[in-house]
file entry_39.cif (mmCIF, C-alpha atoms and all ligand atoms)
data_query
loop_
_atom_site.label_atom_id
_atom_site.label_comp_id
_atom_site.auth_asym_id
_atom_site.auth_seq_id
_atom_site.Cartn_x
_atom_site.Cartn_y
_atom_site.Cartn_z
CA MET A 1 63.37 127.57 70.82
CA ILE A 2 62.25 126.16 74.17
CA ASN A 3 58.69 126.96 75.24
CA VAL A 4 57.89 127.52 78.88
CA ALA A 5 54.54 127.92 80.63
CA ILE A 6 54.20 129.78 83.91
CA LEU A 7 51.46 128.57 86.26
CA GLY A 8 50.57 131.39 88.66
CA TYR A 9 51.36 135.01 87.81
CA GLY A 10 51.97 136.28 91.34
CA VAL A 11 55.13 137.86 92.75
CA VAL A 12 57.49 135.06 91.65
CA GLY A 13 55.69 134.07 88.41
CA SER A 14 55.68 137.64 87.13
CA GLY A 15 59.35 137.94 88.14
CA VAL A 16 60.18 134.85 86.06
CA ALA A 17 58.47 136.34 82.98
CA GLU A 18 60.33 139.60 83.54
CA VAL A 19 63.76 137.96 83.89
CA ILE A 20 63.27 135.78 80.79
CA ARG A 21 62.25 138.86 78.80
CA LYS A 22 64.92 141.19 80.20
CA ASN A 23 67.92 138.86 79.90
CA SER A 24 66.79 136.86 76.88
CA ARG A 25 70.07 137.20 75.01
CA SER A 26 72.42 136.14 77.81
CA ILE A 27 69.99 133.39 78.84
CA ALA A 28 70.00 132.03 75.26
CA GLN A 29 73.81 132.07 75.22
CA ARG A 30 74.03 130.16 78.48
CA ALA A 31 71.25 127.71 77.65
CA GLY A 32 72.37 127.16 74.05
CA GLU A 33 68.77 127.80 72.90
CA GLU A 34 66.31 130.66 73.02
CA ILE A 35 63.76 130.38 75.82
CA GLN A 36 60.33 131.98 75.57
CA VAL A 37 57.27 132.13 77.78
CA LYS A 38 54.51 130.71 75.61
CA ARG A 39 51.67 130.65 78.14
CA ILE A 40 50.79 132.08 81.54
CA LEU A 41 48.04 130.32 83.44
CA ASP A 42 46.18 132.26 86.11
CA ILE A 43 42.53 132.56 87.10
CA ARG A 44 42.91 136.28 87.73
CA ASP A 45 42.70 139.16 85.24
CA PHE A 46 45.74 141.38 84.74
CA PRO A 47 44.60 144.56 82.97
CA GLU A 48 48.13 145.99 83.28
CA GLY A 49 49.84 143.09 81.50
CA PRO A 50 51.35 140.66 80.62
CA ASP A 51 50.59 140.40 76.89
CA SER A 52 47.01 139.11 76.81
CA SER A 53 47.85 136.58 74.06
CA LEU A 54 49.99 134.72 76.64
CA LEU A 55 47.36 134.61 79.37
CA THR A 56 44.92 131.78 79.79
CA LYS A 57 42.58 130.61 82.53
CA ASP A 58 42.30 127.15 80.98
CA ALA A 59 44.87 124.59 82.18
CA GLU A 60 44.23 122.45 79.08
CA VAL A 61 45.71 125.20 76.91
CA VAL A 62 49.01 124.53 78.71
CA PHE A 63 48.82 120.78 79.19
CA GLY A 64 47.41 120.13 75.72
CA ASP A 65 50.29 121.98 74.08
CA SER A 66 53.03 119.46 73.31
CA SER A 67 55.43 122.26 72.34
CA ILE A 68 55.61 123.36 76.00
CA ALA A 69 58.54 121.46 77.45
CA ILE A 70 58.97 123.15 80.81
CA VAL A 71 56.33 124.15 83.32
CA VAL A 72 57.13 126.73 85.99
CA GLU A 73 54.86 126.18 88.97
CA THR A 74 54.63 129.38 91.01
CA ILE A 75 51.11 128.88 92.33
CA GLY A 76 52.23 127.83 95.79
CA GLY A 77 50.55 125.57 98.33
CA ALA A 78 49.93 121.84 98.13
CA GLY A 79 46.50 121.89 96.47
CA ILE A 80 46.06 122.56 92.76
CA ALA A 81 49.84 123.04 92.43
CA HIS A 82 50.22 119.36 93.40
CA GLU A 83 47.70 118.23 90.77
CA PHE A 84 49.31 120.36 88.05
CA THR A 85 52.81 119.11 88.91
CA LYS A 86 51.74 115.46 88.64
CA LYS A 87 49.90 116.20 85.40
CA ALA A 88 53.00 117.87 83.94
CA PHE A 89 55.16 114.84 84.83
CA SER A 90 52.64 112.42 83.35
CA LEU A 91 52.86 114.42 80.10
CA LYS A 92 56.69 114.29 80.27
CA LYS A 93 57.07 118.00 80.95
CA HIS A 94 59.88 119.18 83.21
CA VAL A 95 58.83 121.21 86.25
CA VAL A 96 60.63 124.06 87.97
CA THR A 97 59.18 125.52 91.15
CA SER A 98 59.66 127.80 94.13
CA ASN A 99 56.94 125.95 96.05
CA LYS A 100 58.53 124.81 99.31
CA GLU A 101 55.25 123.68 100.85
CA LEU A 102 54.68 121.20 98.04
CA ILE A 103 58.23 119.83 98.09
CA ALA A 104 58.47 119.66 101.86
CA THR A 105 55.19 117.76 101.98
CA HIS A 106 55.24 115.59 98.86
CA GLY A 107 58.92 115.62 97.86
CA PRO A 108 59.54 111.84 97.92
CA GLU A 109 56.53 111.02 95.70
CA LEU A 110 57.07 113.89 93.26
CA LEU A 111 60.80 113.20 92.82
CA LYS A 112 60.01 109.55 92.17
CA MET A 113 57.29 110.39 89.67
CA ALA A 114 59.58 112.83 87.82
CA SER A 115 62.27 110.14 87.52
CA GLU A 116 59.77 107.52 86.35
CA ASN A 117 58.74 109.91 83.58
CA CYS A 118 62.36 110.79 82.69
CA VAL A 119 61.94 114.50 83.44
CA SER A 120 63.50 116.87 85.95
CA TYR A 121 61.92 118.42 89.02
CA LEU A 122 64.07 121.38 90.10
CA PHE A 123 63.42 123.72 93.02
CA GLU A 124 66.47 125.89 93.70
CA ALA A 125 64.14 128.85 94.43
CA SER A 126 62.31 127.00 97.20
CA VAL A 127 65.01 127.72 99.80
CA GLY A 128 66.94 130.94 100.26
CA GLY A 129 65.33 132.85 97.36
CA GLY A 130 68.19 133.79 95.05
CA ILE A 131 70.93 132.03 97.05
CA PRO A 132 72.38 128.94 95.36
CA ILE A 133 71.99 126.25 98.04
CA ILE A 134 70.07 123.26 96.61
CA ARG A 135 72.51 122.71 93.74
CA PRO A 136 75.61 123.21 95.95
CA LEU A 137 74.24 120.64 98.42
CA ASN A 138 73.33 118.19 95.66
CA GLN A 139 76.46 118.65 93.58
CA CYS A 140 79.34 120.81 94.84
CA LEU A 141 79.30 119.34 98.36
CA ALA A 142 78.45 115.82 97.20
CA ALA A 143 81.81 114.47 98.41
CA ASN A 144 80.99 115.42 102.01
CA VAL A 145 79.08 113.72 104.75
CA ILE A 146 76.91 116.61 105.95
CA ASN A 147 76.72 116.76 109.73
CA GLY A 148 74.67 119.89 110.26
CA ILE A 149 72.90 122.90 108.78
CA THR A 150 72.13 126.16 110.58
CA GLY A 151 70.41 129.01 108.83
CA ILE A 152 68.32 132.11 108.69
CA LEU A 153 65.83 130.90 106.12
CA ASN A 154 62.98 133.38 106.21
CA GLY A 155 63.42 136.87 104.79
CA THR A 156 60.21 138.30 106.24
CA THR A 157 61.01 137.46 109.85
CA ASN A 158 64.64 138.49 109.50
CA TYR A 159 63.46 141.82 108.09
CA ILE A 160 60.98 142.24 110.98
CA LEU A 161 63.55 141.36 113.67
CA THR A 162 66.08 143.73 112.08
CA GLN A 163 63.54 146.57 111.98
CA MET A 164 62.55 145.94 115.61
CA ARG A 165 66.16 145.89 116.79
CA LYS A 166 67.59 148.73 114.74
CA GLU A 167 64.62 151.07 114.37
CA GLY A 168 62.59 150.16 117.47
CA ARG A 169 59.57 149.58 115.16
CA ASP A 170 56.77 147.47 116.53
CA PHE A 171 56.09 144.01 115.17
CA SER A 172 52.95 144.74 113.11
CA ASP A 173 54.40 147.88 111.53
CA ALA A 174 57.52 145.94 110.44
CA LEU A 175 55.37 143.06 109.11
CA LYS A 176 53.30 145.46 107.01
CA SER A 177 56.45 146.85 105.48
CA ALA A 178 57.74 143.30 104.68
CA GLN A 179 54.42 142.54 102.95
CA GLU A 180 54.64 145.75 100.91
CA HIS A 181 58.10 144.70 99.71
CA GLY A 182 56.66 141.36 98.49
CA TYR A 183 58.72 139.28 100.95
CA ALA A 184 55.89 137.70 102.91
CA GLU A 185 53.80 134.68 101.96
CA ALA A 186 50.18 135.31 100.86
CA ASN A 187 49.25 134.38 104.41
CA PRO A 188 52.08 135.75 106.58
CA THR A 189 51.26 133.32 109.40
CA ALA A 190 53.56 130.84 107.64
CA ASP A 191 56.41 133.35 107.97
CA ILE A 192 55.88 134.67 111.49
CA GLU A 193 55.00 131.30 113.04
CA GLY A 194 58.09 129.67 111.54
CA HIS A 195 56.32 127.24 109.17
CA ASP A 196 58.06 128.62 106.08
CA ALA A 197 61.50 128.25 107.66
CA CYS A 198 60.48 124.78 108.85
CA ARG A 199 59.64 123.64 105.30
CA LYS A 200 62.96 125.01 104.10
CA ILE A 201 65.08 123.27 106.75
CA ALA A 202 63.13 120.07 106.00
CA ILE A 203 64.03 120.34 102.29
CA LEU A 204 67.71 121.11 102.98
CA SER A 205 67.93 118.30 105.53
CA SER A 206 66.29 115.78 103.19
CA ILE A 207 68.95 116.58 100.59
CA ALA A 208 71.84 116.74 103.05
CA TYR A 209 71.10 113.48 104.87
CA ASN A 210 69.64 111.57 101.86
CA GLU A 211 66.43 110.73 103.66
CA PHE A 212 63.03 112.37 103.98
CA VAL A 213 62.82 114.79 106.89
CA ASP A 214 59.13 115.42 107.53
CA CYS A 215 58.41 119.09 108.23
CA ASN A 216 55.37 118.11 110.30
CA ALA A 217 57.65 116.41 112.82
CA ILE A 218 60.01 119.36 113.29
CA TYR A 219 59.60 121.48 116.44
CA THR A 220 58.64 124.96 115.22
CA GLU A 221 58.23 128.23 117.08
CA GLY A 222 57.77 131.67 115.48
CA ILE A 223 58.73 135.22 116.42
CA THR A 224 55.36 136.64 117.50
CA LYS A 225 56.29 136.68 121.19
CA ILE A 226 59.64 138.44 120.74
CA SER A 227 59.73 141.99 122.08
CA VAL A 228 62.08 144.92 121.77
CA ILE A 229 62.86 144.41 125.52
CA ASP A 230 64.08 140.85 124.78
CA MET A 231 66.32 142.36 122.14
CA GLN A 232 67.72 144.83 124.64
CA TYR A 233 68.57 141.96 127.00
CA ALA A 234 70.27 140.15 124.11
CA GLU A 235 72.29 143.30 123.49
CA LEU A 236 73.44 143.17 127.14
CA MET A 237 74.78 139.71 126.30
CA ASP A 238 76.57 141.12 123.23
CA SER A 239 74.12 139.07 121.18
CA VAL A 240 71.14 139.37 118.84
CA ILE A 241 67.89 137.44 118.40
CA LYS A 242 67.37 135.60 115.11
CA LEU A 243 64.89 133.01 113.84
CA ILE A 244 67.21 130.03 113.53
CA ALA A 245 66.39 126.91 111.54
CA MET A 246 68.81 124.08 112.23
CA SER A 247 69.31 120.37 111.88
CA LYS A 248 72.09 118.00 112.78
CA LYS A 249 72.87 114.37 112.45
CA ALA A 250 73.11 112.30 115.65
CA GLY A 251 73.94 108.68 114.84
CA ASP A 252 71.20 107.31 112.62
CA ARG A 253 68.75 110.01 113.71
CA ILE A 254 68.37 113.73 113.05
CA PHE A 255 67.58 116.63 115.32
CA ALA A 256 65.85 119.61 113.68
CA ARG A 257 64.31 122.74 115.14
CA VAL A 258 63.02 126.19 114.13
CA SER A 259 62.87 128.81 116.86
CA PRO A 260 64.00 132.28 117.81
CA ALA A 261 67.40 132.07 119.45
CA ILE A 262 69.94 134.36 121.04
CA ILE A 263 73.19 134.23 119.08
CA SER A 264 76.42 135.96 119.99
CA LYS A 265 77.65 138.79 117.78
CA GLY A 266 80.60 136.53 117.00
CA HIS A 267 78.31 133.93 115.36
CA PRO A 268 78.51 133.97 111.53
CA LEU A 269 74.72 134.43 111.26
CA SER A 270 74.55 137.43 113.61
CA ASN A 271 75.29 140.01 110.91
CA VAL A 272 72.71 138.66 108.47
CA GLU A 273 70.17 141.47 108.41
CA ASP A 274 66.96 142.58 106.66
CA VAL A 275 65.65 140.25 103.95
CA PHE A 276 68.98 138.44 103.65
CA ASN A 277 69.21 134.73 104.39
CA ALA A 278 72.30 132.70 105.17
CA ILE A 279 72.99 129.03 105.58
CA VAL A 280 75.99 127.43 107.27
CA VAL A 281 76.58 123.85 106.13
CA LYS A 282 78.93 121.61 108.11
CA GLY A 283 80.63 119.03 105.91
CA ASP A 284 83.16 116.45 107.09
CA VAL A 285 85.61 117.34 104.33
CA ILE A 286 85.03 121.02 103.64
CA GLY A 287 84.34 122.09 107.25
CA ASP A 288 81.94 125.05 107.45
CA ALA A 289 80.64 126.62 104.22
CA MET A 290 78.35 129.64 104.34
CA PHE A 291 75.86 130.72 101.66
CA TYR A 292 74.48 134.26 101.81
CA GLY A 293 72.13 136.42 99.74
CA ARG A 294 68.64 137.80 99.27
CA GLY A 295 66.27 135.21 100.62
CA ALA A 296 62.97 136.58 99.33
CA GLY A 297 61.51 139.00 96.84
CA LYS A 298 60.38 138.88 93.23
CA LEU A 299 63.60 139.08 91.25
CA PRO A 300 66.01 137.20 93.57
CA THR A 301 63.58 134.26 93.62
CA ALA A 302 62.97 134.51 89.85
CA SER A 303 66.74 134.43 89.38
CA ALA A 304 66.86 130.95 90.91
CA VAL A 305 63.83 129.71 88.94
CA VAL A 306 65.30 130.87 85.62
CA ALA A 307 68.66 129.27 86.48
CA ASP A 308 66.83 125.94 86.89
CA ILE A 309 65.14 126.41 83.50
CA ILE A 310 68.55 127.03 81.91
CA ASP A 311 69.94 123.95 83.63
CA ILE A 312 67.15 121.80 82.19
CA VAL A 313 67.69 123.18 78.69
CA ARG A 314 71.44 122.50 78.88
CA HIS A 315 70.90 118.91 79.97
CA PHE A 316 67.69 118.24 78.13
CA ASP A 317 68.06 114.53 77.66
CA SER A 318 69.28 113.73 81.12
CA TYR A 319 67.51 114.18 84.40
CA GLY A 320 68.93 113.72 87.84
CA ASN A 321 66.32 113.68 90.56
CA ASN A 322 67.57 112.51 93.92
CA SER A 323 65.33 110.28 95.93
CA TRP A 324 64.41 111.00 99.53
CA PRO A 325 63.64 107.60 101.03
CA ARG A 326 61.19 107.56 103.91
CA LYS A 327 62.68 105.71 106.92
CA ASP A 328 60.60 102.97 108.47
CA TYR A 329 61.43 104.32 111.95
CA ASN A 330 60.99 107.79 113.48
CA ASN A 331 64.18 109.44 112.23
CA LEU A 332 63.72 112.68 114.19
CA ILE A 333 64.86 113.23 117.77
CA ASP A 334 62.20 114.80 119.98
CA ILE A 335 62.75 118.39 121.15
CA SER A 336 62.49 117.28 124.81
CA GLU A 337 65.82 115.44 124.44
CA SER A 338 67.74 118.38 123.00
CA GLU A 339 70.16 120.38 125.17
CA THR A 340 70.93 124.06 125.17
CA ARG A 341 71.38 127.10 127.42
CA TYR A 342 68.41 129.40 127.96
CA PHE A 343 67.56 133.01 128.70
CA VAL A 344 64.61 133.43 131.07
CA ARG A 345 62.77 136.66 131.95
CA VAL A 346 60.17 136.89 134.72
CA LYS A 347 58.01 139.58 136.28
CA THR A 348 58.13 139.44 140.06
CA ARG A 349 55.94 140.27 143.02
CA ASN A 350 58.84 139.95 145.42
CA THR A 351 62.15 140.30 143.59
CA GLU A 352 64.44 139.10 146.38
CA GLU A 353 62.39 135.97 147.08
CA ALA A 354 62.16 135.26 143.37
CA ARG A 355 65.92 135.62 143.02
CA LYS A 356 66.47 133.18 145.91
CA PHE A 357 64.09 130.64 144.35
CA ILE A 358 65.81 130.94 140.96
CA ARG A 359 69.22 130.37 142.63
CA ASN A 360 67.88 127.24 144.31
CA THR A 361 66.21 125.91 141.16
CA PHE A 362 68.80 126.52 138.47
CA ALA A 363 72.45 125.53 138.69
CA ALA A 364 74.51 128.74 138.56
CA PRO A 365 72.03 131.16 136.96
CA GLU A 366 73.66 134.36 135.72
CA PHE A 367 71.48 137.41 136.35
CA LEU A 368 71.46 140.25 133.83
CA PHE A 369 71.01 143.85 134.86
CA HIS A 370 68.49 145.96 132.95
CA ILE A 371 66.87 149.22 133.98
CA ARG A 372 63.45 147.48 133.96
CA GLN A 373 64.44 145.44 136.99
CA GLU A 374 63.85 148.45 139.22
CA ALA A 375 60.98 149.99 137.29
CA GLU A 376 58.90 146.89 136.51
CA GLY A 377 60.10 144.33 139.05
CA GLU A 378 61.74 142.06 136.47
CA LEU A 379 64.46 139.48 136.72
CA ALA A 380 66.30 138.01 133.77
CA PHE A 381 68.97 135.32 133.83
CA THR A 382 70.75 132.76 131.71
CA THR A 383 70.98 129.09 132.64
CA GLU A 384 73.52 126.37 132.22
CA LYS A 385 72.99 123.74 129.55
CA SER A 386 70.04 121.45 130.18
CA THR A 387 67.54 119.40 128.22
CA GLU A 388 64.29 121.01 127.09
CA ALA A 389 62.39 118.58 129.34
CA GLU A 390 64.41 119.65 132.40
CA LEU A 391 64.00 123.33 131.56
CA ALA A 392 60.24 122.96 131.09
CA GLY A 393 59.98 121.42 134.57
CA LYS A 394 61.91 124.31 136.12
CA VAL A 395 59.89 126.95 134.27
CA ASP A 396 56.71 125.30 135.56
CA ALA A 397 58.14 125.54 139.07
CA LEU A 398 58.74 129.30 138.55
CA LYS A 399 55.12 129.73 137.47
CA GLY A 400 54.00 128.04 140.68
CA ILE A 401 55.52 130.38 143.25
CA GLY A 402 53.91 133.51 144.66
CA ALA A 403 57.00 135.70 144.30
CA ILE A 404 56.78 135.37 140.52
CA LYS A 405 53.89 137.03 138.69
CA GLU A 406 54.65 135.81 135.16
CA VAL A 407 57.29 134.09 133.06
CA VAL A 408 57.61 136.59 130.21
CA SER A 409 60.22 135.01 127.92
CA VAL A 410 62.16 131.81 127.52
CA LEU A 411 64.68 131.88 124.68
CA ARG A 412 67.28 129.38 123.56
CA ILE A 413 70.91 130.44 123.34
CA GLU A 414 72.39 128.98 120.13
CA GLU A 415 76.07 128.33 120.55
CA GLU A 416 77.20 126.37 117.52
N1 LIG B 1 58.03 134.42 102.62
C1 LIG B 1 59.31 133.90 102.29
C2 LIG B 1 60.37 134.63 103.10
C3 LIG B 1 59.54 134.08 100.81
O1 LIG B 1 60.04 135.67 103.67
O2 LIG B 1 61.50 134.16 103.18
C4 LIG B 1 60.71 133.32 100.28
O3 LIG B 1 60.58 131.95 100.47
#
call {"tool": "encode", "arguments": {"input": "entry_39.cif", "output": "structure tokens", "more": "lines below"}}
Ligand code: HSE
result
Amino acid sequence: MINVAILGYGVVGSGVAEVIRKNSRSIAQRAGEEIQVKRILDIRDFPEGPDSSLLTKDAEVVFGDSSIAIVVETIGGAGIAHEFTKKAFSLKKHVVTSNKELIATHGPELLKMASENCVSYLFEASVGGGIPIIRPLNQCLAANVINGITGILNGTTNYILTQMRKEGRDFSDALKSAQEHGYAEANPTADIEGHDACRKIAILSSIAYNEFVDCNAIYTEGITKISVIDMQYAELMDSVIKLIAMSKKAGDRIFARVSPAIISKGHPLSNVEDVFNAIVVKGDVIGDAMFYGRGAGKLPTASAVVADIIDIVRHFDSYGNNSWPRKDYNNLIDISESETRYFVRVKTRNTEEARKFIRNTFAAPEFLFHIRQEAEGELAFTTEKSTEAELAGKVDALKGIGAIKEVVSVLRIEEE
């Protein structure tokens, strides 16, 4: 019998307890041992369950119990969860987690500490919810040099964008619904401002390129400024708007970015809707491989956590933590150097003059026709490829002329 403790009985922690209980027989067959939840640590009261004999508010009840071999950390954040993870390693307990903030921030140190203590630190559930992606990157694709990763890595924002596009719902209404489904983070700012997706692309990139990719250095933009009108313009381009997290290798440096982007309906990520996530990995041997599934929610995420527990039990005496060395130079390329095409939407005071100025400023802009042009005095166009720095200069020039009242939207067009 293998004893597990769950730290944090929130959406994911309670899902882990439920999956272990529900599938105990098949889990025991796969693991080769029975697995039971011996303790649940949480400072809150749960009058509706779980079994009160499992619950404790005292961390020492967990850490002082040498029969607990595996700790599931589903507290989240990089505060007490960090302390508890280090404590578990120092007591030679394996740790499984869904905590992307902790890994993205302290991954190199925690992986090192786990190895020094001969225990595993597994975090399949930290990216893509129930989608297997960490293990495939670490193991199944290990023969490849990975050149790039592009993904939809946040279920909440994908759900919101899908609801806005398909149902015409407004942003806050769609966010409320995502929270009710248990997709969103405790503080949904991390979802809607792109920080959650940023941590996830940082984790995937650190694994893929065998070096630490610091989430704090990744350019990150959320979806709060996206409107249903932008989506209608995308539709005119036979495209959709998605929150895209991407990274790619460029020589000995890496470019990574999280931002809303217009992607053509022919792009493999364009049909990924609702809470689903998908990740396209570019390997030099395999070519493109795509991973798809439910990226958030109680049971899909618990599915990945429990799979990690089973993996530890099957390989109890071995541990295989990768290391993510920190480079002694800035390994990330600045956003200003990156090149893409853009979609720009402006409100005008004098549409003809504005159009003339745009033609003189941008090389071969392609204007899009939308009914709002007449009604609201709007112009929208796509540009040729240019660097972000060049684009920013041109957008500033638009803001400076009298014929243009306001630059409403600037969106990247993702082509790869
Ligand atoms: N808030 C996250 C999401 C949960 O919406 O994707 C899963 O990491």
call {"tool": "closest_atom_pairs", "arguments": {"input": "entry_39.cif", "of": "chain A", "to": "ligand LIG 1 (chain B)", "cutoff": "8 Å", "atoms": "only C-alpha atoms and all ligand atoms", "output": "JSON lines"}}
result
{"residue": "A:Ser98", "atom": "CA", "partner": "B:LIG1", "partner_atom": "O3", "distance": 7.6}
{"residue": "A:Lys100", "atom": "CA", "partner": "B:LIG1", "partner_atom": "O3", "distance": 7.5}
{"residue": "A:Ala125", "atom": "CA", "partner": "B:LIG1", "partner_atom": "O3", "distance": 7.7}
{"residue": "A:Ser126", "atom": "CA", "partner": "B:LIG1", "partner_atom": "O3", "distance": 6.2}
{"residue": "A:Val127", "atom": "CA", "partner": "B:LIG1", "partner_atom": "O3", "distance": 6.2}
{"residue": "A:Gly128", "atom": "CA", "partner": "B:LIG1", "partner_atom": "O3", "distance": 6.4}
{"residue": "A:Gly129", "atom": "CA", "partner": "B:LIG1", "partner_atom": "C4", "distance": 5.5}
{"residue": "A:Leu153", "atom": "CA", "partner": "B:LIG1", "partner_atom": "O2", "distance": 6.2}
{"residue": "A:Asn154", "atom": "CA", "partner": "B:LIG1", "partner_atom": "O2", "distance": 3.5}
{"residue": "A:Gly155", "atom": "CA", "partner": "B:LIG1", "partner_atom": "O2", "distance": 3.7}
{"residue": "A:Thr156", "atom": "CA", "partner": "B:LIG1", "partner_atom": "O1", "distance": 3.7}
{"residue": "A:Thr157", "atom": "CA", "partner": "B:LIG1", "partner_atom": "O1", "distance": 6.5}
{"residue": "A:Asn158", "atom": "CA", "partner": "B:LIG1", "partner_atom": "O1", "distance": 7.9}
{"residue": "A:Tyr183", "atom": "CA", "partner": "B:LIG1", "partner_atom": "O1", "distance": 4.7}
{"residue": "A:Ala184", "atom": "CA", "partner": "B:LIG1", "partner_atom": "N1", "distance": 3.9}
{"residue": "A:Glu185", "atom": "CA", "partner": "B:LIG1", "partner_atom": "N1", "distance": 4.3}
{"residue": "A:Pro188", "atom": "CA", "partner": "B:LIG1", "partner_atom": "N1", "distance": 7.3}
{"residue": "A:Ala190", "atom": "CA", "partner": "B:LIG1", "partner_atom": "N1", "distance": 7.6}
{"residue": "A:Asp191", "atom": "CA", "partner": "B:LIG1", "partner_atom": "N1", "distance": 5.7}
{"residue": "A:Asp196", "atom": "CA", "partner": "B:LIG1", "partner_atom": "C1", "distance": 6.6}
{"residue": "A:Ala197", "atom": "CA", "partner": "B:LIG1", "partner_atom": "O2", "distance": 7.4}
{"residue": "A:Val275", "atom": "CA", "partner": "B:LIG1", "partner_atom": "O1", "distance": 7.2}
{"residue": "A:Asn277", "atom": "CA", "partner": "B:LIG1", "partner_atom": "O2", "distance": 7.8}
{"residue": "A:Gly295", "atom": "CA", "partner": "B:LIG1", "partner_atom": "O2", "distance": 5.5}
{"residue": "A:Ala296", "atom": "CA", "partner": "B:LIG1", "partner_atom": "C4", "distance": 4.1}
{"residue": "A:Gly297", "atom": "CA", "partner": "B:LIG1", "partner_atom": "C3", "distance": 6.6}
{"residue": "A:Thr301", "atom": "CA", "partner": "B:LIG1", "partner_atom": "C4", "distance": 7.3}
call {"tool": "write_last_selection", "arguments": {"input": "entry_39.cif", "atoms": "C-alpha atoms", "output": "short mmCIF file (atom, residue, chain, number, x, y, z; two decimals), in the coordinates of the input"}}
result
data_model
loop_
_atom_site.label_atom_id
_atom_site.label_comp_id
_atom_site.auth_asym_id
_atom_site.auth_seq_id
_atom_site.Cartn_x
_atom_site.Cartn_y
_atom_site.Cartn_z
CA SER A 98 59.66 127.80 94.13
CA LYS A 100 58.53 124.81 99.31
CA ALA A 125 64.14 128.85 94.43
CA SER A 126 62.31 127.00 97.20
CA VAL A 127 65.01 127.72 99.80
CA GLY A 128 66.94 130.94 100.26
CA GLY A 129 65.33 132.85 97.36
CA LEU A 153 65.83 130.90 106.12
CA ASN A 154 62.98 133.38 106.21
CA GLY A 155 63.42 136.87 104.79
CA THR A 156 60.21 138.30 106.24
CA THR A 157 61.01 137.46 109.85
CA ASN A 158 64.64 138.49 109.50
CA TYR A 183 58.72 139.28 100.95
CA ALA A 184 55.89 137.70 102.91
CA GLU A 185 53.80 134.68 101.96
CA PRO A 188 52.08 135.75 106.58
CA ALA A 190 53.56 130.84 107.64
CA ASP A 191 56.41 133.35 107.97
CA ASP A 196 58.06 128.62 106.08
CA ALA A 197 61.50 128.25 107.66
CA VAL A 275 65.65 140.25 103.95
CA ASN A 277 69.21 134.73 104.39
CA GLY A 295 66.27 135.21 100.62
CA ALA A 296 62.97 136.58 99.33
CA GLY A 297 61.51 139.00 96.84
CA THR A 301 63.58 134.26 93.62
#
call {"tool": "atom_distance", "arguments": {"input": "entry_39.cif", "atom1": "atom CA of Glu390 of chain A", "atom2": "atom CA of Ser336 of chain A"}}
result
8.2 Å
call {"tool": "closest_residue", "arguments": {"input": "entry_39.cif", "among": "A:Gly151, A:Gly15, A:Gly8, A:Pro260", "to": "Ile40 of chain A", "atoms": "all atoms listed in the file"}}
result
A:Gly8
call {"tool": "closest_atom_pairs", "arguments": {"input": "entry_39.cif", "of": "segment 222-283 of chain A", "to": "segment 393-414 of chain A", "cutoff": "8 Å", "atoms": "all atoms listed in the file", "output": "Markdown table"}}
result
| residue | atom | partner | partner_atom | distance |
| --- | --- | --- | --- | --- |
| A:Lys225 | CA | A:Ser409 | CA | 8.0 |
| A:Ile226 | CA | A:Ser409 | CA | 8.0 |
| A:Asp230 | CA | A:Ser409 | CA | 7.7 |
| A:Pro260 | CA | A:Leu411 | CA | 6.9 |
| A:Ala261 | CA | A:Arg412 | CA | 4.9 |
| A:Ile262 | CA | A:Ile413 | CA | 4.6 |
| A:Ile263 | CA | A:Glu414 | CA | 5.4 |
call {"tool": "atom_distance", "arguments": {"input": "entry_39.cif", "atom1": "atom CA of Ile279 of chain A", "atom2": "atom CA of Ile133 of chain A"}}
result
8.1 Å
call {"tool": "residues_near_point", "arguments": {"input": "entry_39.cif", "point": "(66.1, 130.3, 87.0)", "cutoff": "10 Å", "atoms": "only C-alpha atoms", "output": "PyMOL selection string"}}
result
chain A and resi 16+19-20+27+72+96-98+122-125+130+300-312
call {"tool": "write_last_selection", "arguments": {"input": "entry_39.cif", "atoms": "C-alpha atoms", "output": "short mmCIF file (atom, residue, chain, number, x, y, z; two decimals), in the coordinates of the input"}}
result
data_model
loop_
_atom_site.label_atom_id
_atom_site.label_comp_id
_atom_site.auth_asym_id
_atom_site.auth_seq_id
_atom_site.Cartn_x
_atom_site.Cartn_y
_atom_site.Cartn_z
CA VAL A 16 60.18 134.85 86.06
CA VAL A 19 63.76 137.96 83.89
CA ILE A 20 63.27 135.78 80.79
CA ILE A 27 69.99 133.39 78.84
CA VAL A 72 57.13 126.73 85.99
CA VAL A 96 60.63 124.06 87.97
CA THR A 97 59.18 125.52 91.15
CA SER A 98 59.66 127.80 94.13
CA LEU A 122 64.07 121.38 90.10
CA PHE A 123 63.42 123.72 93.02
CA GLU A 124 66.47 125.89 93.70
CA ALA A 125 64.14 128.85 94.43
CA GLY A 130 68.19 133.79 95.05
CA PRO A 300 66.01 137.20 93.57
CA THR A 301 63.58 134.26 93.62
CA ALA A 302 62.97 134.51 89.85
CA SER A 303 66.74 134.43 89.38
CA ALA A 304 66.86 130.95 90.91
CA VAL A 305 63.83 129.71 88.94
CA VAL A 306 65.30 130.87 85.62
CA ALA A 307 68.66 129.27 86.48
CA ASP A 308 66.83 125.94 86.89
CA ILE A 309 65.14 126.41 83.50
CA ILE A 310 68.55 127.03 81.91
CA ASP A 311 69.94 123.95 83.63
CA ILE A 312 67.15 121.80 82.19
#
call {"tool": "atom_distance", "arguments": {"input": "entry_39.cif", "atom1": "atom CA of Ala88 of chain A", "atom2": "atom CA of Asp45 of chain A"}}
result
23.7 Å
